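As provided, run.cif (mmCIF, C-alpha atoms) reads as follows.
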data_structure
#
loop_
_atom_site.label_atom_id
_atom_site.label_comp_id
_atom_site.auth_asym_id
_atom_site.auth_seq_id
_atom_site.Cartn_x
_atom_site.Cartn_y
_atom_site.Cartn_z
CA MET J 174 81.80 110.67 120.89
CA ALA J 175 83.90 107.51 120.53
CA ASP J 176 87.30 107.15 122.19
CA ILE J 177 89.60 105.61 119.56
CA ARG J 178 93.13 104.63 120.54
CA VAL J 179 95.79 102.89 118.43
CA GLN J 180 98.98 102.31 120.40
CA SER J 181 102.01 100.07 120.73
CA GLU J 182 102.06 100.32 124.54
CA PRO J 183 100.39 97.61 126.63
CA PHE J 184 97.16 98.53 128.39
CA ASP J 185 95.53 97.41 131.62
CA TYR J 186 92.16 95.95 130.67
CA GLY J 187 90.78 96.12 134.21
CA GLN J 188 91.80 99.75 134.62
CA GLU J 189 90.35 100.68 131.23
CA CYS J 190 87.05 98.95 132.07
CA ALA J 191 86.83 100.71 135.42
CA ALA J 192 87.63 104.10 133.87
CA PHE J 193 85.07 103.59 131.09
CA ALA J 194 82.36 102.51 133.55
CA GLN J 195 83.16 105.50 135.75
CA ALA J 196 83.04 107.93 132.83
CA HIS J 197 79.68 106.49 131.69
CA SER J 198 78.04 105.91 135.05
CA ASP J 199 74.91 107.70 133.85
CA ASN J 200 74.23 104.72 131.55
CA GLY J 201 72.45 101.61 132.72
CA ALA J 202 74.57 99.14 130.77
CA ILE J 203 78.28 98.72 130.02
CA VAL J 204 79.63 95.94 127.78
CA THR J 205 83.37 95.31 127.41
CA PHE J 206 85.37 92.81 125.36
CA CYS J 207 89.10 92.08 125.32
CA GLY J 208 91.04 90.11 122.67
CA ILE J 209 94.11 88.28 123.99
CA VAL J 210 97.09 86.72 122.15
CA ARG J 211 96.56 82.95 122.15
CA GLY J 212 99.79 81.09 122.94
CA GLU J 213 98.67 77.99 121.06
CA ASP J 214 100.72 75.85 118.65
CA GLY J 215 103.99 77.12 120.07
CA LEU J 216 103.37 80.79 119.28
CA GLN J 217 106.31 82.83 120.56
CA ALA J 218 105.30 86.33 119.52
CA MET J 219 103.01 88.35 117.30
CA GLU J 220 103.75 91.48 115.26
CA ILE J 221 100.80 93.67 114.33
CA GLU J 222 101.29 96.05 111.43
CA HIS J 223 98.79 98.79 110.64
CA TYR J 224 98.20 101.71 108.29
CA PRO J 225 98.62 104.89 110.38
CA GLY J 226 95.96 107.42 109.49
CA MET J 227 93.62 105.00 107.77
CA THR J 228 93.42 102.85 110.91
CA GLU J 229 92.10 105.67 113.08
CA ARG J 230 89.78 106.77 110.27
CA ALA J 231 88.36 103.25 109.87
CA LEU J 232 87.85 102.78 113.61
CA HIS J 233 86.10 106.16 113.94
CA ARG J 234 83.85 105.19 111.06
CA ILE J 235 82.98 101.82 112.63
CA ALA J 236 82.15 103.48 115.95
CA ALA J 237 80.07 106.15 114.20
CA GLU J 238 78.14 103.47 112.31
CA ALA J 239 77.44 101.66 115.60
CA ALA J 240 76.24 104.92 117.17
CA ALA J 241 73.91 105.47 114.22
CA ARG J 242 72.36 102.00 114.56
CA TRP J 243 72.00 101.75 118.33
CA SER J 244 71.35 104.19 121.12
CA LEU J 245 74.77 104.56 122.75
CA GLY J 246 76.05 106.74 125.55
CA GLY J 247 79.67 106.11 124.57
CA ALA J 248 82.11 103.75 122.90
CA LEU J 249 85.79 102.87 123.13
CA ILE J 250 87.98 100.99 120.68
CA LEU J 251 91.59 100.43 121.75
CA HIS J 252 93.90 98.38 119.49
CA ARG J 253 97.59 97.69 119.86
CA HIS J 254 100.19 97.35 117.14
CA GLY J 255 103.82 96.26 117.18
CA HIS J 256 105.30 93.42 119.23
CA LEU J 257 103.03 91.28 121.43
CA THR J 258 103.57 88.07 123.35
CA PRO J 259 101.11 85.29 124.35
CA GLU J 260 98.50 86.20 126.97
CA GLU J 261 98.88 89.94 126.38
CA PRO J 262 95.72 91.93 125.57
CA ILE J 263 95.65 92.89 121.86
CA MET J 264 92.59 95.09 121.81
CA MET J 265 89.37 95.97 123.57
CA VAL J 266 86.01 97.50 122.86
CA ALA J 267 83.58 99.01 125.34
CA THR J 268 80.08 100.34 124.86
CA ALA J 269 77.72 102.19 127.16
CA ALA J 270 73.97 102.38 126.65
CA ARG J 271 70.76 102.90 128.54
CA HIS J 272 69.87 99.21 128.09
CA ARG J 273 72.02 96.12 127.62
CA ALA J 274 70.66 95.04 124.22
CA ASP J 275 72.09 98.15 122.54
CA ALA J 276 75.42 97.84 124.37
CA PHE J 277 75.83 94.15 123.45
CA ALA J 278 74.79 94.58 119.81
CA ALA J 279 77.02 97.61 119.26
CA ALA J 280 80.06 95.87 120.78
CA ASP J 281 79.43 92.76 118.66
CA PHE J 282 79.03 94.88 115.51
CA MET J 283 82.23 96.85 116.15
CA MET J 284 84.18 93.62 116.71
CA ASP J 285 82.91 92.08 113.48
CA TYR J 286 83.81 95.17 111.47
CA LEU J 287 87.20 95.84 112.95
CA LYS J 288 88.32 92.26 112.25
CA SER J 289 88.06 92.68 108.50
CA ARG J 290 87.59 96.41 107.79
CA ALA J 291 90.28 98.05 109.89
CA PRO J 292 93.79 97.93 108.37
CA PHE J 293 95.64 95.66 110.79
CA TRP J 294 97.73 92.63 109.80
CA LYS J 295 99.02 89.99 112.19
CA LYS J 296 102.25 88.09 111.76
CA GLU J 297 102.96 85.11 114.00
CA ARG J 298 106.39 83.88 115.06
CA ARG J 299 107.07 80.28 116.00
CA ALA J 300 110.23 78.17 116.28
CA SER J 301 109.48 77.04 112.70
CA GLY J 302 109.50 80.61 111.37
CA GLU J 303 107.23 83.60 110.73
CA SER J 304 103.94 83.69 108.85
CA TRP J 305 101.20 86.22 108.15
CA VAL J 306 97.80 85.29 109.56
CA ALA J 307 95.37 84.57 106.73
CA ALA J 308 91.98 86.28 106.77
CA ARG J 309 89.20 83.85 107.61
CA GLU J 310 86.16 83.49 105.40
CA VAL J 311 83.98 83.23 108.51
CA ASP J 312 85.04 86.77 109.54
CA GLU J 313 83.98 88.11 106.15
CA GLN J 314 80.67 86.24 106.34
CA ALA J 315 80.03 87.64 109.81
CA LEU J 316 79.46 91.08 108.28
CA SER J 317 76.35 89.86 106.46
CA ARG J 318 74.64 89.51 109.86
CA TRP J 319 74.41 93.29 110.04
CA MET T 124 99.44 112.49 87.92
CA ARG T 125 101.85 111.87 90.79
CA VAL T 126 100.75 109.36 93.43
CA THR T 127 102.27 107.76 96.51
CA ILE T 128 101.88 103.99 96.54
CA LEU T 129 101.95 102.22 99.92
CA TYR T 130 102.41 98.50 100.58
CA PHE T 131 101.62 96.60 103.76
CA ALA T 132 102.20 93.15 105.27
CA TRP T 133 103.35 90.46 102.79
CA LEU T 134 102.94 92.81 99.84
CA ARG T 135 105.52 95.12 101.40
CA GLU T 136 107.85 92.18 102.04
CA ARG T 137 107.48 90.68 98.55
CA ILE T 138 108.02 94.00 96.79
CA GLY T 139 110.77 95.06 99.19
CA LEU T 140 109.37 98.59 99.59
CA ALA T 141 106.98 100.23 102.06
CA HIS T 142 106.17 103.04 99.63
CA GLU T 143 107.15 104.57 96.31
CA GLN T 144 106.25 107.60 94.22
CA LEU T 145 104.84 107.09 90.78
CA GLU T 146 103.93 109.22 87.78
CA THR T 147 100.91 107.60 86.15
CA ASP T 148 98.10 108.17 83.68
CA ALA T 149 96.16 105.12 84.92
CA ALA T 150 92.44 105.78 85.24
CA THR T 151 91.56 102.87 87.51
CA VAL T 152 93.21 100.71 90.17
CA THR T 153 93.35 97.81 87.72
CA GLU T 154 95.23 99.94 85.17
CA LEU T 155 97.61 101.09 87.90
CA VAL T 156 98.28 97.48 88.92
CA GLY T 157 99.11 96.73 85.28
CA GLU T 158 101.77 99.46 85.39
CA LEU T 159 103.11 98.36 88.77
CA ARG T 160 103.55 94.79 87.54
CA THR T 161 106.06 95.99 84.94
CA ARG T 162 108.29 97.77 87.49
CA SER T 163 110.16 94.67 88.66
CA ASP T 164 109.95 90.90 88.96
CA ARG T 165 109.10 91.39 92.62
CA HIS T 166 106.16 93.64 91.75
CA ALA T 167 104.97 91.12 89.16
CA LEU T 168 105.08 88.31 91.71
CA ALA T 169 103.39 90.35 94.44
CA PHE T 170 100.54 91.33 92.11
CA SER T 171 100.13 87.90 90.51
CA ASP T 172 96.90 87.07 92.39
CA LEU T 173 94.58 90.07 92.59
CA ALA T 174 91.98 88.09 94.56
CA ALA T 175 94.42 88.18 97.50
CA ILE T 176 94.80 91.97 97.40
CA ARG T 177 92.78 94.83 98.85
CA VAL T 178 93.16 98.50 97.97
CA ALA T 179 92.53 101.84 99.65
CA ILE T 180 92.35 105.14 97.78
CA ASP T 181 93.24 108.11 100.00
CA GLN T 182 92.66 105.89 103.05
CA ASP T 183 89.22 104.61 102.03
CA LEU T 184 88.68 100.99 100.94
CA ALA T 185 87.91 100.76 97.24
CA ASP T 186 87.24 98.19 94.52
CA LEU T 187 89.85 97.23 91.96
CA ASP T 188 87.83 98.84 89.17
CA ALA T 189 87.50 102.13 91.10
CA PRO T 190 88.67 105.33 89.37
CA ILE T 191 91.85 106.86 90.80
CA THR T 192 91.70 110.26 89.14
CA GLY T 193 92.89 112.90 91.59
CA ALA T 194 94.03 110.34 94.17
CA ARG T 195 97.15 111.18 96.15
CA GLU T 196 97.73 108.00 98.14
CA ILE T 197 96.94 104.47 97.01
CA ALA T 198 97.63 101.55 99.33
CA PHE T 199 97.77 97.83 98.53
CA PHE T 200 97.55 95.14 101.19
CA PRO T 201 96.23 91.64 101.96
CA PRO T 202 92.81 91.09 103.56
CA MET T 203 92.85 92.64 107.03
CA THR T 204 93.26 90.58 110.20
CA GLY T 205 92.53 92.87 113.14
CA GLY T 206 90.82 92.13 116.42
#

Encoding of this model in structure tokens:
Amino acid sequence: MADIRVQSEPFDYGQECAAFAQAHSDNGAIVTFCGIVRGEDGLQAMEIEHYPGMTERALHRIAAEAAARWSLGGALILHRHGHLTPEEPIMMVATAARHRADAFAAADFMMDYLKSRAPFWKKERRASGESWVAAREVDEQALSRW
Amino acid sequence: MRVTILYFAWLRERIGLAHEQLETDAATVTELVGELRTRSDRHALAFSDLAAIRVAIDQDLADLDAPITGAREIAFFPPMTGG
């Protein structure tokens, strides 16, 4: 049921939202979220590494778990890898449901899980050099909400 | 047992390899890590703090004490930072 896409190419968030809403127009509620590269602290670029094969498997599993917990008409997870620059979209999720509570909860759940359970790693480049982004304890703790 | 070992992010950089093949009799991930540490100084350094390392067995997340019997692909990487 879920549309899972892992790609290096940029995507148009507005177009993806419109296409998702169109494809799920028989649902009463659509929730979408987009993560964007923050250009703070002099960030010049970001490299996202992932584990091909396991990534898609993990994202499908997260979407399936969301569909098991809430009544969904559809879900999309799109995540980029490779080279990104500030203000570019990194990833998006979209959910469709009969009512908004299910769509919001499922989108929130999928975001929490893909932050620390999908095999992506971010490396940031600044004038001072490159460094891997450290996992945040708060992201791990967020999973206990569910 | 022949397994493919994969490394990602700073583990890959510290070890200097993205993957390697290994013949092993290790029964668990922890035993396998013990063998990997002896392969080179770079391996030893990369595996010096196990609290900073996550593992997947055949593309499923696993614990360090998980059995690896029959596994074909074992991946080591830092905590994930997607989203």

Please list, as a list in words, the residues that have an atom at most 12 Å away from (107.7, 82.8, 110.8) in the coordinates of this file, counting only C-alpha atoms. Gly215, Leu216, Gln217, Ala218, Met219, Glu220, Lys295, Lys296, Glu297, Arg298, Arg299, Ala300, Ser301, Gly302, Glu303, Ser304, Trp305 and Val306 of chain J; Trp133 of chain T

Please tabulate, as JSON lines, the residues of chain J that come within 6 Å of chain T, each with its closest pair of atoms and the distance in Å to one decimal, counting all atoms listed in the file and ordering rows by chain, then residue number upward.
{"residue": "J:Met227", "atom": "CA", "partner": "T:Gln182", "partner_atom": "CA", "distance": 4.9}
{"residue": "J:Lys288", "atom": "CA", "partner": "T:Gly205", "partner_atom": "CA", "distance": 4.3}
{"residue": "J:Ser289", "atom": "CA", "partner": "T:Met203", "partner_atom": "CA", "distance": 5.0}
{"residue": "J:Pro292", "atom": "CA", "partner": "T:Met203", "partner_atom": "CA", "distance": 5.5}
{"residue": "J:Phe293", "atom": "CA", "partner": "T:Gly205", "partner_atom": "CA", "distance": 4.8}
{"residue": "J:Trp294", "atom": "CA", "partner": "T:Thr204", "partner_atom": "CA", "distance": 4.9}
{"residue": "J:Ala308", "atom": "CA", "partner": "T:Thr204", "partner_atom": "CA", "distance": 5.6}

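Using all atoms listed in the file, the residues found no farther than 12 Å from Glu189 of chain J, other than those of its own chain fewer than 5 positions away, are J:Asp176, J:Arg178, J:Pro183, J:Phe184, J:Ala194, J:Gln195, J:Ala196, J:Thr205, J:Phe206, J:Cys207, J:Leu249, J:Ile250, J:Leu251, J:Pro262, J:Met264, J:Met265, J:Val266, J:Ala267.
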
Which residues, protein or nucleic acid, reach to within 12 Å of (82.4, 96.1, 116.8) in the file's coordinates when using all atoms listed in the file, and can you give that as a PyMOL selection string? (chain J and resi 204-207+231-240+242-243+248-251+264-268+275-291+315-316+319) or (chain T and resi 205-206)

For the PyMOL selection byres ((chain T and resi 156-164) around 10), applied here, can you spell out every residue it catches as a ChimeraX atom specification? /T:128,137-138,145,147-149,151-155,165-171,173,187,199

Between atom CA of Glu196 of chain T and atom CA of Gly139 of chain T, what distance in Å does the model show, to one decimal?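 Going from atom CA of Glu196 of chain T over to atom CA of Gly139 of chain T covers 18.4 Å.
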
Find the distance between atom CA of Asp185 of chain J and atom CA of His223 of chain J and write it in Å to one decimal.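 Taking atom CA of Asp185 of chain J and atom CA of His223 of chain J, their separation equals 21.3 Å.
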
Just to confirm, what's the straight-line distance from atom CA of Ala202 of chain J to atom CA of Gly247 of chain J in Å (one decimal)?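 Between atom CA of Ala202 of chain J and atom CA of Gly247 of chain J the gap works out to 10.6 Å.
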
Which is closest to Ile191 of chain T among T:Asp172, T:Gln144, T:Arg135, T:Val178, if we use all atoms listed in the file? T:Val178

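Residues selected in this file by the PyMOL selection byres ((chain J and resi 259) around 6) comprise Val210, Arg211, Gly212, Thr258, Glu260 and Glu261 of chain J.
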
Expected file contents, prior selection, C-alpha atoms, as an mmCIF file, in the coordinates of the input:
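Once everything was written out, this is again_27.cif:
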data_model
loop_
_atom_site.group_PDB
_atom_site.id
_atom_site.type_symbol
_atom_site.label_atom_id
_atom_site.label_comp_id
_atom_site.auth_asym_id
_atom_site.auth_seq_id
_atom_site.Cartn_x
_atom_site.Cartn_y
_atom_site.Cartn_z
ATOM 1 C CA VAL J 210 97.090 86.720 122.150
ATOM 2 C CA ARG J 211 96.560 82.950 122.150
ATOM 3 C CA GLY J 212 99.790 81.090 122.940
ATOM 4 C CA THR J 258 103.570 88.070 123.350
ATOM 5 C CA GLU J 260 98.500 86.200 126.970
ATOM 6 C CA GLU J 261 98.880 89.940 126.380
#

Box dimensions and centre (Å, one decimal) enclosing segment 156-165 of chain T, axis-aligned, 5 Å extra per side, as AutoDock Vina command-line options:
--center_x 104.2 --center_y 95.2 --center_z 88.8 --size_x 21.9 --size_y 18.6 --size_z 17.7

For Ala141 of chain T, the nearest of the candidates J:Glu182, J:Asn200, J:Ile209, J:Glu222, counting all atoms listed in the file: J:Glu222

Using the partial input, fill out segment 252-276 of chain J with N, CA, C and O atoms; write the result as a PDB file, keeping the file's coordinate frame.
ATOM      1  N   HIS J 252      93.236  99.476 120.216  1.00  0.00           N
ATOM      2  CA  HIS J 252      93.900  98.380 119.490  1.00  0.00           C
ATOM      3  C   HIS J 252      95.400  98.604 119.499  1.00  0.00           C
ATOM      4  O   HIS J 252      95.866  99.698 119.197  1.00  0.00           O
ATOM      5  N   ARG J 253      96.132  97.564 119.849  1.00  0.00           N
ATOM      6  CA  ARG J 253      97.590  97.690 119.860  1.00  0.00           C
ATOM      7  C   ARG J 253      98.195  97.312 118.512  1.00  0.00           C
ATOM      8  O   ARG J 253      97.595  96.587 117.724  1.00  0.00           O
ATOM      9  N   HIS J 254      99.411  97.797 118.279  1.00  0.00           N
ATOM     10  CA  HIS J 254     100.190  97.350 117.140  1.00  0.00           C
ATOM     11  C   HIS J 254     101.604  97.092 117.625  1.00  0.00           C
ATOM     12  O   HIS J 254     101.937  97.394 118.779  1.00  0.00           O
ATOM     13  N   GLY J 255     102.450  96.539 116.786  1.00  0.00           N
ATOM     14  CA  GLY J 255     103.820  96.260 117.180  1.00  0.00           C
ATOM     15  C   GLY J 255     103.977  94.862 117.760  1.00  0.00           C
ATOM     16  O   GLY J 255     103.247  93.950 117.382  1.00  0.00           O
ATOM     17  N   HIS J 256     104.915  94.729 118.692  1.00  0.00           N
ATOM     18  CA  HIS J 256     105.300  93.420 119.230  1.00  0.00           C
ATOM     19  C   HIS J 256     104.422  92.999 120.404  1.00  0.00           C
ATOM     20  O   HIS J 256     104.279  93.755 121.365  1.00  0.00           O
ATOM     21  N   LEU J 257     103.842  91.810 120.328  1.00  0.00           N
ATOM     22  CA  LEU J 257     103.030  91.280 121.430  1.00  0.00           C
ATOM     23  C   LEU J 257     103.435  89.848 121.727  1.00  0.00           C
ATOM     24  O   LEU J 257     103.895  89.129 120.838  1.00  0.00           O
ATOM     25  N   THR J 258     103.251  89.445 122.966  1.00  0.00           N
ATOM     26  CA  THR J 258     103.570  88.070 123.350  1.00  0.00           C
ATOM     27  C   THR J 258     102.306  87.383 123.886  1.00  0.00           C
ATOM     28  O   THR J 258     101.326  88.053 124.245  1.00  0.00           O
ATOM     29  N   PRO J 259     102.305  86.022 123.915  1.00  0.00           N
ATOM     30  CA  PRO J 259     101.110  85.290 124.350  1.00  0.00           C
ATOM     31  C   PRO J 259     100.579  85.776 125.701  1.00  0.00           C
ATOM     32  O   PRO J 259     101.352  86.125 126.595  1.00  0.00           O
ATOM     33  N   GLU J 260      99.266  85.812 125.776  1.00  0.00           N
ATOM     34  CA  GLU J 260      98.500  86.200 126.970  1.00  0.00           C
ATOM     35  C   GLU J 260      98.445  87.705 127.201  1.00  0.00           C
ATOM     36  O   GLU J 260      97.866  88.164 128.167  1.00  0.00           O
ATOM     37  N   GLU J 261      99.015  88.489 126.269  1.00  0.00           N
ATOM     38  CA  GLU J 261      98.880  89.940 126.380  1.00  0.00           C
ATOM     39  C   GLU J 261      97.578  90.371 125.706  1.00  0.00           C
ATOM     40  O   GLU J 261      97.216  89.832 124.658  1.00  0.00           O
ATOM     41  N   PRO J 262      96.890  91.372 126.259  1.00  0.00           N
ATOM     42  CA  PRO J 262      95.720  91.930 125.570  1.00  0.00           C
ATOM     43  C   PRO J 262      96.136  92.581 124.249  1.00  0.00           C
ATOM     44  O   PRO J 262      97.117  93.325 124.211  1.00  0.00           O
ATOM     45  N   ILE J 263      95.397  92.273 123.167  1.00  0.00           N
ATOM     46  CA  ILE J 263      95.650  92.890 121.860  1.00  0.00           C
ATOM     47  C   ILE J 263      94.791  94.141 121.704  1.00  0.00           C
ATOM     48  O   ILE J 263      95.239  95.167 121.233  1.00  0.00           O
ATOM     49  N   MET J 264      93.529  94.002 122.067  1.00  0.00           N
ATOM     50  CA  MET J 264      92.590  95.090 121.810  1.00  0.00           C
ATOM     51  C   MET J 264      91.385  94.965 122.735  1.00  0.00           C
ATOM     52  O   MET J 264      91.181  93.912 123.348  1.00  0.00           O
ATOM     53  N   MET J 265      90.626  96.035 122.827  1.00  0.00           N
ATOM     54  CA  MET J 265      89.370  95.970 123.570  1.00  0.00           C
ATOM     55  C   MET J 265      88.342  96.894 122.960  1.00  0.00           C
ATOM     56  O   MET J 265      88.691  97.846 122.260  1.00  0.00           O
ATOM     57  N   VAL J 266      87.084  96.556 123.184  1.00  0.00           N
ATOM     58  CA  VAL J 266      86.010  97.500 122.860  1.00  0.00           C
ATOM     59  C   VAL J 266      85.149  97.640 124.117  1.00  0.00           C
ATOM     60  O   VAL J 266      85.074  96.726 124.941  1.00  0.00           O
ATOM     61  N   ALA J 267      84.529  98.788 124.249  1.00  0.00           N
ATOM     62  CA  ALA J 267      83.580  99.010 125.340  1.00  0.00           C
ATOM     63  C   ALA J 267      82.443  99.856 124.800  1.00  0.00           C
ATOM     64  O   ALA J 267      82.658 100.730 123.959  1.00  0.00           O
ATOM     65  N   THR J 268      81.243  99.541 125.253  1.00  0.00           N
ATOM     66  CA  THR J 268      80.080 100.340 124.860  1.00  0.00           C
ATOM     67  C   THR J 268      79.255 100.649 126.094  1.00  0.00           C
ATOM     68  O   THR J 268      79.198  99.856 127.034  1.00  0.00           O
ATOM     69  N   ALA J 269      78.627 101.798 126.076  1.00  0.00           N
ATOM     70  CA  ALA J 269      77.720 102.190 127.160  1.00  0.00           C
ATOM     71  C   ALA J 269      76.380 102.539 126.535  1.00  0.00           C
ATOM     72  O   ALA J 269      76.325 103.183 125.484  1.00  0.00           O
ATOM     73  N   ALA J 270      75.317 102.091 127.161  1.00  0.00           N
ATOM     74  CA  ALA J 270      73.970 102.380 126.650  1.00  0.00           C
ATOM     75  C   ALA J 270      72.984 102.386 127.812  1.00  0.00           C
ATOM     76  O   ALA J 270      73.297 101.951 128.926  1.00  0.00           O
ATOM     77  N   ARG J 271      71.800 102.880 127.511  1.00  0.00           N
ATOM     78  CA  ARG J 271      70.760 102.900 128.540  1.00  0.00           C
ATOM     79  C   ARG J 271      70.355 101.472 128.907  1.00  0.00           C
ATOM     80  O   ARG J 271      70.159 101.149 130.064  1.00  0.00           O
ATOM     81  N   HIS J 272      70.272 100.604 127.871  1.00  0.00           N
ATOM     82  CA  HIS J 272      69.870  99.210 128.090  1.00  0.00           C
ATOM     83  C   HIS J 272      70.880  98.250 127.480  1.00  0.00           C
ATOM     84  O   HIS J 272      71.533  98.581 126.503  1.00  0.00           O
ATOM     85  N   ARG J 273      70.945  97.031 128.006  1.00  0.00           N
ATOM     86  CA  ARG J 273      72.020  96.120 127.620  1.00  0.00           C
ATOM     87  C   ARG J 273      71.955  95.661 126.163  1.00  0.00           C
ATOM     88  O   ARG J 273      72.985  95.403 125.558  1.00  0.00           O
ATOM     89  N   ALA J 274      70.747  95.550 125.596  1.00  0.00           N
ATOM     90  CA  ALA J 274      70.660  95.040 124.220  1.00  0.00           C
ATOM     91  C   ALA J 274      71.459  95.920 123.255  1.00  0.00           C
ATOM     92  O   ALA J 274      72.182  95.410 122.395  1.00  0.00           O
ATOM     93  N   ASP J 275      71.342  97.231 123.406  1.00  0.00           N
ATOM     94  CA  ASP J 275      72.090  98.150 122.540  1.00  0.00           C
ATOM     95  C   ASP J 275      73.593  98.024 122.775  1.00  0.00           C
ATOM     96  O   ASP J 275      74.387  98.027 121.822  1.00  0.00           O
ATOM     97  N   ALA J 276      73.986  97.918 124.047  1.00  0.00           N
ATOM     98  CA  ALA J 276      75.420  97.840 124.370  1.00  0.00           C
ATOM     99  C   ALA J 276      76.031  96.552 123.819  1.00  0.00           C
ATOM    100  O   ALA J 276      77.116  96.567 123.231  1.00  0.00           O
TER     101      ALA J 276
END
